[in-house]
file final_3.cif (mmCIF, C-alpha atoms and all ligand atoms)
data_final
#
loop_
_atom_site.label_atom_id
_atom_site.label_comp_id
_atom_site.auth_asym_id
_atom_site.auth_seq_id
_atom_site.Cartn_x
_atom_site.Cartn_y
_atom_site.Cartn_z
CA MET A 1 127.24 171.06 109.60
CA ASP A 2 125.29 167.87 109.82
CA PHE A 3 126.52 165.90 112.80
CA PHE A 4 125.62 162.62 111.20
CA LYS A 5 127.24 163.11 107.85
CA LYS A 6 130.27 160.96 107.41
CA MET A 7 133.57 162.64 106.83
CA ASP A 8 137.14 161.58 106.38
CA MET A 9 139.18 161.18 109.53
CA PRO A 10 141.63 164.05 110.00
CA GLN A 11 145.29 163.29 109.68
CA GLY A 12 146.95 162.09 112.84
CA GLN A 13 143.76 160.73 114.40
CA THR A 14 143.08 157.05 114.77
CA ASP A 15 139.76 155.46 115.33
CA LYS A 16 140.15 153.30 118.41
CA VAL A 17 136.65 151.82 118.26
CA PRO A 18 137.16 148.10 117.74
CA THR A 19 135.56 146.49 114.73
CA GLY A 20 133.92 143.07 114.80
CA GLU A 21 132.27 142.18 118.09
CA ALA A 22 130.33 144.80 120.00
CA GLU A 23 132.19 146.56 122.77
CA HIS A 24 130.16 147.03 125.94
CA ILE A 25 130.56 150.14 128.11
CA LYS A 26 128.77 151.78 131.04
CA CYS A 27 128.31 155.26 129.65
CA LEU A 28 128.40 156.51 126.09
CA ILE A 29 128.45 160.22 125.35
CA ILE A 30 127.56 161.25 121.81
CA GLY A 31 128.73 164.73 120.78
CA SER A 32 131.60 166.92 121.89
CA GLY A 33 130.31 170.42 122.60
CA PRO A 34 130.22 172.04 126.06
CA ALA A 35 127.31 169.76 127.06
CA GLY A 36 129.12 166.57 126.06
CA TYR A 37 132.44 167.51 127.66
CA THR A 38 130.81 168.61 130.89
CA ALA A 39 128.85 165.35 131.00
CA ALA A 40 132.15 163.54 130.37
CA ILE A 41 133.95 165.34 133.23
CA TYR A 42 131.21 164.44 135.69
CA ALA A 43 130.71 160.89 134.41
CA ALA A 44 134.45 160.18 134.50
CA ARG A 45 134.77 161.51 138.04
CA ALA A 46 131.90 159.21 139.02
CA ASN A 47 133.83 156.21 137.66
CA LEU A 48 131.44 155.58 134.79
CA ASN A 49 134.43 155.21 132.41
CA PRO A 50 132.71 157.23 129.71
CA VAL A 51 133.51 156.91 126.05
CA MET A 52 132.78 159.95 123.90
CA ILE A 53 132.10 159.79 120.20
CA GLN A 54 133.03 163.28 119.04
CA GLY A 55 130.84 163.59 115.97
CA MET A 56 131.36 165.36 112.73
CA GLN A 57 132.16 168.78 114.20
CA ALA A 58 134.58 167.94 116.99
CA GLY A 59 134.19 170.58 119.70
CA GLY A 60 130.73 171.60 118.51
CA GLN A 61 129.39 174.99 117.48
CA LEU A 62 131.85 176.97 119.63
CA THR A 63 134.66 176.00 117.31
CA THR A 64 132.93 178.05 114.61
CA THR A 65 133.12 181.26 116.63
CA THR A 66 136.28 183.16 117.35
CA GLU A 67 136.15 184.82 120.75
CA VAL A 68 133.99 183.65 123.63
CA ASP A 69 133.48 186.50 126.07
CA ASN A 70 130.47 185.34 128.05
CA PHE A 71 131.58 182.01 129.53
CA PRO A 72 132.16 182.62 133.25
CA GLY A 73 135.72 182.17 134.40
CA TYR A 74 137.49 183.82 131.48
CA PRO A 75 137.90 187.49 132.45
CA GLU A 76 139.77 188.28 129.24
CA GLY A 77 137.56 186.08 127.07
CA THR A 78 138.86 183.04 125.22
CA ASP A 79 138.98 181.49 121.81
CA GLY A 80 136.13 179.02 121.13
CA THR A 81 138.41 176.30 119.79
CA ALA A 82 140.90 176.76 122.65
CA MET A 83 138.08 176.50 125.18
CA MET A 84 136.89 173.23 123.66
CA GLU A 85 140.46 171.90 123.71
CA ASP A 86 140.64 172.76 127.42
CA LEU A 87 137.32 171.00 128.07
CA LYS A 88 138.59 167.95 126.19
CA LYS A 89 141.79 167.84 128.24
CA GLN A 90 139.77 168.19 131.43
CA ALA A 91 137.48 165.31 130.43
CA GLU A 92 140.48 163.16 129.48
CA ARG A 93 142.26 163.98 132.73
CA PHE A 94 139.61 162.01 134.59
CA GLY A 95 139.67 159.10 132.17
CA THR A 96 137.16 159.91 129.43
CA GLU A 97 138.06 158.16 126.23
CA VAL A 98 137.45 160.60 123.41
CA ARG A 99 137.16 158.97 120.01
CA TRP A 100 136.82 160.23 116.52
CA GLY A 101 133.68 159.03 114.76
CA THR A 102 130.05 159.70 114.02
CA VAL A 103 127.07 157.72 115.26
CA THR A 104 125.21 156.58 112.18
CA GLU A 105 122.64 154.22 113.73
CA ALA A 106 121.03 153.73 117.11
CA ASP A 107 118.88 150.96 118.56
CA PHE A 108 117.36 151.87 121.92
CA SER A 109 114.75 149.10 121.91
CA GLY A 110 116.35 147.00 124.67
CA LYS A 111 117.73 147.60 128.16
CA VAL A 112 121.19 147.73 126.68
CA HIS A 113 121.49 150.50 124.12
CA LYS A 114 123.24 149.91 120.86
CA VAL A 115 124.85 152.38 118.48
CA VAL A 116 126.83 151.99 115.30
CA VAL A 117 129.78 154.27 114.68
CA ASP A 118 130.65 155.22 111.11
CA GLY A 119 128.36 152.53 109.75
CA GLU A 120 130.37 149.59 111.03
CA LYS A 121 131.57 149.61 114.64
CA VAL A 122 129.08 148.51 117.26
CA ILE A 123 129.05 149.80 120.83
CA THR A 124 126.54 148.74 123.46
CA ALA A 125 126.05 150.88 126.55
CA ASP A 126 124.10 150.76 129.81
CA SER A 127 123.53 154.51 129.58
CA VAL A 128 123.71 156.98 126.73
CA ILE A 129 124.03 160.76 126.90
CA ILE A 130 123.01 162.53 123.69
CA SER A 131 124.75 165.89 123.31
CA THR A 132 124.76 166.24 119.55
CA GLY A 133 123.77 169.91 119.50
CA ALA A 134 121.97 171.82 116.81
CA THR A 135 123.12 173.31 113.58
CA ALA A 136 122.30 176.92 112.70
CA LYS A 137 120.72 177.34 109.31
CA TYR A 138 122.45 179.53 106.77
CA LEU A 139 121.06 180.96 103.54
CA GLY A 140 123.51 178.95 101.44
CA LEU A 141 125.24 181.90 99.79
CA GLU A 142 128.87 181.60 98.79
CA SER A 143 129.57 185.06 100.25
CA GLU A 144 128.22 183.89 103.62
CA GLU A 145 131.00 181.31 103.71
CA THR A 146 133.61 183.88 102.70
CA TYR A 147 132.79 186.09 105.69
CA ARG A 148 132.05 183.50 108.39
CA GLY A 149 134.05 184.70 111.35
CA GLY A 150 134.57 188.01 109.54
CA GLY A 151 131.18 189.52 110.29
CA VAL A 152 128.78 186.68 109.46
CA SER A 153 127.43 185.00 112.57
CA ALA A 154 124.48 182.89 113.62
CA CYS A 155 124.61 183.96 117.27
CA ALA A 156 123.97 187.56 118.33
CA THR A 157 124.44 186.76 122.01
CA CYS A 158 127.88 185.32 121.24
CA ASP A 159 129.17 187.89 118.77
CA GLY A 160 126.99 191.01 119.12
CA PHE A 161 129.41 192.63 121.55
CA PHE A 162 132.01 193.00 118.79
CA TYR A 163 129.65 195.30 116.86
CA ARG A 164 129.07 197.92 119.55
CA GLY A 165 128.25 201.28 117.99
CA LYS A 166 128.12 199.79 114.49
CA ASP A 167 125.37 198.99 111.99
CA VAL A 168 124.32 195.37 111.58
CA ALA A 169 121.66 193.30 109.81
CA VAL A 170 119.65 190.34 111.09
CA VAL A 171 117.89 187.93 108.72
CA GLY A 172 114.71 186.15 109.81
CA GLY A 173 111.25 186.93 111.05
CA GLY A 174 110.75 184.46 113.89
CA ASP A 175 111.14 184.84 117.64
CA THR A 176 114.90 184.29 117.46
CA ALA A 177 115.36 187.05 114.88
CA ALA A 178 113.15 189.43 116.86
CA GLU A 179 115.03 188.61 120.07
CA GLU A 180 118.44 188.95 118.43
CA ALA A 181 117.48 192.22 116.75
CA THR A 182 116.35 193.77 120.05
CA TYR A 183 119.46 192.42 121.79
CA LEU A 184 121.69 193.96 119.11
CA ALA A 185 119.74 197.23 119.17
CA ASN A 186 121.03 197.74 122.72
CA LEU A 187 124.60 197.51 121.49
CA CYS A 188 124.60 198.74 117.94
CA LYS A 189 123.87 202.04 116.28
CA LYS A 190 121.37 200.59 113.85
CA VAL A 191 119.87 197.16 113.20
CA TYR A 192 118.23 196.21 109.90
CA LEU A 193 115.82 193.28 110.21
CA ILE A 194 115.56 191.58 106.84
CA ILE A 195 112.28 189.71 106.29
CA ARG A 196 111.42 187.85 103.11
CA LYS A 197 107.65 188.12 103.65
CA ASP A 198 105.43 191.16 104.34
CA HIS A 199 104.99 190.15 107.98
CA LEU A 200 106.90 188.75 110.93
CA ARG A 201 106.34 185.22 112.17
CA ALA A 202 107.44 186.14 115.71
CA SER A 203 104.94 186.28 118.58
CA LYS A 204 102.93 189.51 118.96
CA ALA A 205 104.87 190.50 122.08
CA MET A 206 108.20 190.13 120.30
CA GLN A 207 106.90 192.02 117.26
CA GLU A 208 105.87 194.92 119.49
CA ARG A 209 109.33 195.03 121.00
CA VAL A 210 110.83 195.19 117.52
CA PHE A 211 108.46 197.92 116.30
CA ASN A 212 108.95 199.93 119.49
CA THR A 213 112.74 199.92 119.21
CA LYS A 214 113.76 203.10 117.45
CA ASN A 215 117.04 201.91 115.97
CA ILE A 216 115.58 198.78 114.33
CA GLU A 217 114.49 199.23 110.73
CA VAL A 218 112.39 196.36 109.42
CA LEU A 219 112.89 195.65 105.73
CA PHE A 220 109.85 193.62 104.69
CA GLU A 221 109.89 191.67 101.43
CA HIS A 222 113.67 191.74 101.12
CA ASN A 223 115.79 188.75 100.14
CA THR A 224 119.54 188.62 100.62
CA LEU A 225 121.45 188.25 97.38
CA GLU A 226 125.02 188.68 98.59
CA VAL A 227 127.10 189.60 101.60
CA LEU A 228 129.52 192.32 100.53
CA GLY A 229 132.99 192.97 101.88
CA ASP A 230 136.67 193.46 101.20
CA GLY A 231 137.45 189.75 101.11
CA SER A 232 138.00 189.44 104.86
CA VAL A 233 135.34 191.50 106.68
CA VAL A 234 131.71 192.35 105.98
CA GLN A 235 130.98 195.84 104.68
CA GLY A 236 127.41 195.53 103.46
CA VAL A 237 124.62 193.40 102.04
CA LYS A 238 123.00 193.37 98.62
CA LEU A 239 119.25 192.78 98.82
CA LEU A 240 116.44 192.15 96.35
CA LYS A 241 113.38 194.18 97.26
CA ARG A 242 109.89 192.91 96.35
CA LYS A 243 111.08 189.90 94.38
CA GLY A 244 109.00 189.09 91.30
CA GLN A 245 106.90 192.26 91.55
CA ALA A 246 106.71 195.19 89.13
CA ASP A 247 108.82 197.39 91.40
CA GLU A 248 111.45 194.71 92.14
CA ALA A 249 114.81 196.38 92.78
CA GLU A 250 118.28 195.66 94.07
CA VAL A 251 119.36 197.68 97.10
CA GLU A 252 122.54 197.78 99.15
CA ILE A 253 122.88 198.53 102.85
CA LYS A 254 126.11 199.25 104.69
CA VAL A 255 126.65 197.00 107.71
CA ASP A 256 129.60 195.55 109.61
CA GLY A 257 127.79 192.47 110.92
CA PHE A 258 125.37 190.05 109.26
CA PHE A 259 123.45 187.81 111.65
CA LEU A 260 121.48 184.75 110.58
CA ALA A 261 118.42 183.93 112.66
CA ILE A 262 116.49 181.66 110.33
CA GLY A 263 116.29 178.69 112.66
CA HIS A 264 118.36 175.76 113.87
CA THR A 265 118.22 172.07 113.06
CA PRO A 266 118.66 169.83 116.11
CA ASN A 267 120.93 166.89 115.36
CA SER A 268 118.53 164.20 116.49
CA ASP A 269 117.57 162.34 113.31
CA VAL A 270 119.41 159.14 114.10
CA PHE A 271 117.66 158.80 117.49
CA LYS A 272 114.15 159.70 116.36
CA PRO A 273 112.84 156.16 115.92
CA TYR A 274 113.21 155.72 119.71
CA VAL A 275 113.57 159.10 121.39
CA GLU A 276 110.62 161.48 121.54
CA THR A 277 111.16 164.85 119.88
CA ASP A 278 108.99 167.92 119.25
CA GLU A 279 107.84 168.82 115.75
CA THR A 280 111.18 170.53 114.96
CA GLY A 281 113.22 167.58 116.18
CA TYR A 282 114.34 168.85 119.61
CA ILE A 283 114.56 165.93 122.04
CA ILE A 284 111.96 166.15 124.78
CA THR A 285 113.36 165.82 128.29
CA LYS A 286 111.21 165.14 131.34
CA GLY A 287 110.58 167.97 133.80
CA LYS A 288 113.72 169.43 135.30
CA SER A 289 115.86 166.49 134.22
CA SER A 290 117.79 165.21 131.23
CA LYS A 291 115.72 162.02 131.02
CA THR A 292 114.22 161.13 127.66
CA ASN A 293 111.31 158.73 127.16
CA VAL A 294 113.85 155.87 126.93
CA ALA A 295 115.17 154.61 130.28
CA GLY A 296 118.93 155.08 130.43
CA VAL A 297 119.04 157.57 127.54
CA PHE A 298 119.63 161.21 128.50
CA ALA A 299 119.84 164.39 126.45
CA CYS A 300 121.61 167.68 127.14
CA GLY A 301 122.67 170.84 125.37
CA ASP A 302 121.19 172.34 122.23
CA VAL A 303 119.73 169.09 120.92
CA GLN A 304 117.06 169.49 123.62
CA ASP A 305 117.06 173.27 124.12
CA HIS A 306 115.66 175.67 121.55
CA ILE A 307 115.36 178.57 123.97
CA TYR A 308 118.65 179.34 125.73
CA ARG A 309 121.25 177.75 123.41
CA GLN A 310 124.28 179.10 125.29
CA ALA A 311 127.54 177.29 126.02
CA ILE A 312 127.06 177.79 129.73
CA THR A 313 123.49 176.46 129.76
CA ALA A 314 124.61 173.52 127.61
CA ALA A 315 127.42 172.81 130.07
CA GLY A 316 124.99 172.95 132.99
CA SER A 317 122.64 170.52 131.31
CA GLY A 318 125.62 168.22 130.57
CA CYS A 319 126.32 168.07 134.28
CA MET A 320 122.66 167.19 134.89
CA ALA A 321 122.80 164.40 132.30
CA ALA A 322 125.87 162.81 133.92
CA LEU A 323 124.26 162.97 137.38
CA ASP A 324 121.05 161.46 135.98
CA ALA A 325 123.03 158.69 134.27
CA GLU A 326 124.98 157.98 137.44
CA ARG A 327 121.76 157.66 139.47
CA TYR A 328 120.16 155.50 136.80
CA LEU A 329 123.13 153.12 136.77
CA ALA A 330 123.18 152.93 140.57
CA GLU A 331 119.48 152.03 140.64
CA ASN A 332 119.66 149.51 137.80
P1 LIG B 1 111.40 180.02 113.13
O1 LIG B 1 111.38 178.80 112.29
O2 LIG B 1 110.25 180.33 113.99
O3 LIG B 1 111.58 181.30 112.18
C1 LIG B 1 112.52 181.31 111.17
C2 LIG B 1 112.41 182.63 110.43
O4 LIG B 1 113.43 182.66 109.46
C3 LIG B 1 111.08 182.83 109.71
O5 LIG B 1 110.69 184.17 109.75
C4 LIG B 1 111.43 182.44 108.28
O6 LIG B 1 110.70 183.13 107.31
C5 LIG B 1 112.84 182.90 108.19
N1 LIG B 1 113.58 182.14 107.18
C6 LIG B 1 113.75 180.81 107.11
N2 LIG B 1 114.50 180.49 106.04
C7 LIG B 1 114.78 181.68 105.43
C8 LIG B 1 115.51 182.02 104.27
N3 LIG B 1 116.10 181.08 103.51
N4 LIG B 1 115.59 183.33 103.92
C9 LIG B 1 115.01 184.28 104.68
N5 LIG B 1 114.31 184.03 105.80
C10 LIG B 1 114.21 182.73 106.16
O7 LIG B 1 112.78 179.93 113.93
P2 LIG B 1 113.21 180.63 115.30
O8 LIG B 1 114.62 180.24 115.51
O9 LIG B 1 112.89 182.06 115.27
O10 LIG B 1 112.31 179.94 116.41
C11 LIG B 1 112.33 178.52 116.59
C12 LIG B 1 111.37 178.17 117.72
O11 LIG B 1 111.91 178.61 118.96
C13 LIG B 1 110.01 178.84 117.57
O12 LIG B 1 109.02 177.96 118.03
C14 LIG B 1 110.12 180.04 118.47
O13 LIG B 1 108.85 180.49 118.94
C15 LIG B 1 110.97 179.50 119.60
N6 LIG B 1 111.72 180.57 120.28
C16 LIG B 1 111.24 181.02 121.44
C17 LIG B 1 111.87 182.03 122.12
C18 LIG B 1 111.32 182.49 123.40
O14 LIG B 1 110.30 181.99 123.81
N7 LIG B 1 111.94 183.43 124.06
C19 LIG B 1 113.09 182.68 121.59
C20 LIG B 1 113.51 182.13 120.35
C21 LIG B 1 112.84 181.12 119.73
P3 LIG B 1 109.19 182.76 106.95
O15 LIG B 1 108.34 183.31 108.06
O16 LIG B 1 109.04 183.49 105.65
O17 LIG B 1 109.12 181.28 106.80
#

call {"tool": "encode", "arguments": {"input": "final_3.cif", "output": "structure tokens", "more": "lines below"}}
Ligand code: NDP
result
Amino acid sequence: MDFFKKMDMPQGQTDKVPTGEAEHIKCLIIGSGPAGYTAAIYAARANLNPVMIQGMQAGGQLTTTTEVDNFPGYPEGTDGTAMMEDLKKQAERFGTEVRWGTVTEADFSGKVHKVVVDGEKVITADSVIISTGATAKYLGLESEETYRGGGVSACATCDGFFYRGKDVAVVGGGDTAAEEATYLANLCKKVYLIIRKDHLRASKAMQERVFNTKNIEVLFEHNTLEVLGDGSVVQGVKLLKRKGQADEAEVEIKVDGFFLAIGHTPNSDVFKPYVETDETGYIITKGKSSKTNVAGVFACGDVQDHIYRQAITAAGSGCMAALDAERYLAEN
């Protein structure tokens, strides 16, 4: 989901951001995934009185998964949405003000940073922590939506465990797809890697790992037509082989899991006029810090990390951002 798209406020929530004159605060946190909430916990405990603007997908990407088994501290695993609720409560316990809303404009040209929430409410802040995350790309098939949470996933590290001993498919030919396919090959009986072209885009080293893994079958020149299932769980995938060629044919494979690895879109568009990003849009942070090129503006979580992309690494970077903001405010 696009973090910056506007959506209707859910029932029972009120937008507490005052209209009219700008409200000035010490620390603004934009985005409510593990990075944002961890930043909020630390910032609140440091008396920065943080205000969090939750964004379009309150709770972030974890609310789109079911079980979270790899976050330390939960021996029995936990539910993604429940975990985000716990993080929210923890942030609020120390005084974070969590507000519904989406940042639609930002002006980081001055010492005081200005953002507009939902196109109308202005907040100025001495420090800003951007934790808007990234959005996994999907193919856009209706059947993908039907089986999200029922076998369709965009995170092998998060959900692969549930497919131990089963057959799965991964779509994509980049480094992520190659990495996810080899990760899944350790757990699953068989992994189909579905590539639309006749070659992989992944680095040579990653390609070799894929080709040297016996239980990965690479299906070159295959496009996904439909995810098949019984209405609640995935049972297979319908593919179009060699699209547009004389021997074009529809084929079906039986799988229990269908993993998308066709890239992510970092939710950084609104900040791009001021904050430096790489060519894909990931915010560039300086060295081992959360500092962006704008003094007083910090970034953490998936919006600045295209490599690890885990809840725990996002949370760690959220802590870093709050500590960096605290030091910045003390020095300025
Ligand atoms: P990439 O953009 O590199 O690759 C996306 C892949 O998905 C491509 O093979 C692309 O196909 C395919 N794809 C895109 N859209 C579709 C579609 N609609 N249908 C079918 N296939 C599709 O994304 P990654 O997430 O793999 O990597 C992002 C960046 O992160 C890269 O720079 C990568 O090197 C880096 N990375 C580094 C890692 C590491 O160093 N360990 C690990 C993971 C990522 P096509 O080639 O036909 O366009």

call {"tool": "closest_residue", "arguments": {"input": "final_3.cif", "among": "A:Gly244, A:Gly296, A:Pro75, A:Pro266", "to": "Glu279 (chain A)", "atoms": "only C-alpha atoms"}}
result
A:Pro266

call {"tool": "residues_near_ligand", "arguments": {"input": "final_3.cif", "ligand": "ligand LIG 1 (chain B)", "cutoff": "10 Å", "atoms": "all atoms listed in the file", "output": "JSON, numbers by chain"}}
result
{"A": [136, 137, 138, 139, 140, 141, 170, 171, 172, 173, 174, 175, 176, 177, 178, 179, 180, 194, 195, 196, 197, 198, 199, 200, 201, 202, 203, 206, 221, 222, 223, 224, 260, 261, 262, 263, 264, 265, 279, 280, 282, 305, 306, 307, 308, 309]}

call {"tool": "atom_distance", "arguments": {"input": "final_3.cif", "atom1": "CA of Ala43 (chain A)", "atom2": "CA of Glu92 (chain A)"}}
result
11.2 Å

call {"tool": "atom_distance", "arguments": {"input": "final_3.cif", "atom1": "CA of Arg209 (chain A)", "atom2": "CA of Thr182 (chain A)"}}
result
7.2 Å

call {"tool": "residues_around", "arguments": {"input": "final_3.cif", "residues": "Gly95 (chain A)", "least_positions_apart": "5", "cutoff": "10 Å", "atoms": "only C-alpha atoms", "output": "ChimeraX atom specification"}}
result
/A:40-41,43-45,47-51,89-90

call {"tool": "atom_distance", "arguments": {"input": "final_3.cif", "atom1": "CA of His24 (chain A)", "atom2": "CA of Met52 (chain A)"}}
result
13.3 Å

call {"tool": "residues_around", "arguments": {"input": "final_3.cif", "residues": "Ser232 (chain A)", "least_positions_apart": "2", "cutoff": "10 Å", "atoms": "only C-alpha atoms", "output": "PyMOL selection string"}}
result
chain A and resi 146-151+228-230+234-235

call {"tool": "closest_residue", "arguments": {"input": "final_3.cif", "among": "A:Val297, A:Asn215, A:Gly101, A:Ala322", "to": "Thr38 (chain A)", "atoms": "all atoms listed in the file"}}
result
A:Ala322

call {"tool": "residues_around", "arguments": {"input": "final_3.cif", "residues": "Lys288 (chain A)", "least_positions_apart": "3", "cutoff": "12 Å", "atoms": "all atoms listed in the file", "output": "MDAnalysis selection string"}}
result
chainID A and resid 284:285 291:292 299:300 317 320:321 324

call {"tool": "closest_residue", "arguments": {"input": "final_3.cif", "among": "A:Ala295, A:Ala205, A:Ala169, A:Leu323", "to": "Glu252 (chain A)", "atoms": "only C-alpha atoms"}}
result
A:Ala169

call {"tool": "closest_residue", "arguments": {"input": "final_3.cif", "among": "A:Lys204, A:Ala106, A:Glu76, A:Gln304", "to": "Lys286 (chain A)", "atoms": "all atoms listed in the file"}}
result
A:Gln304
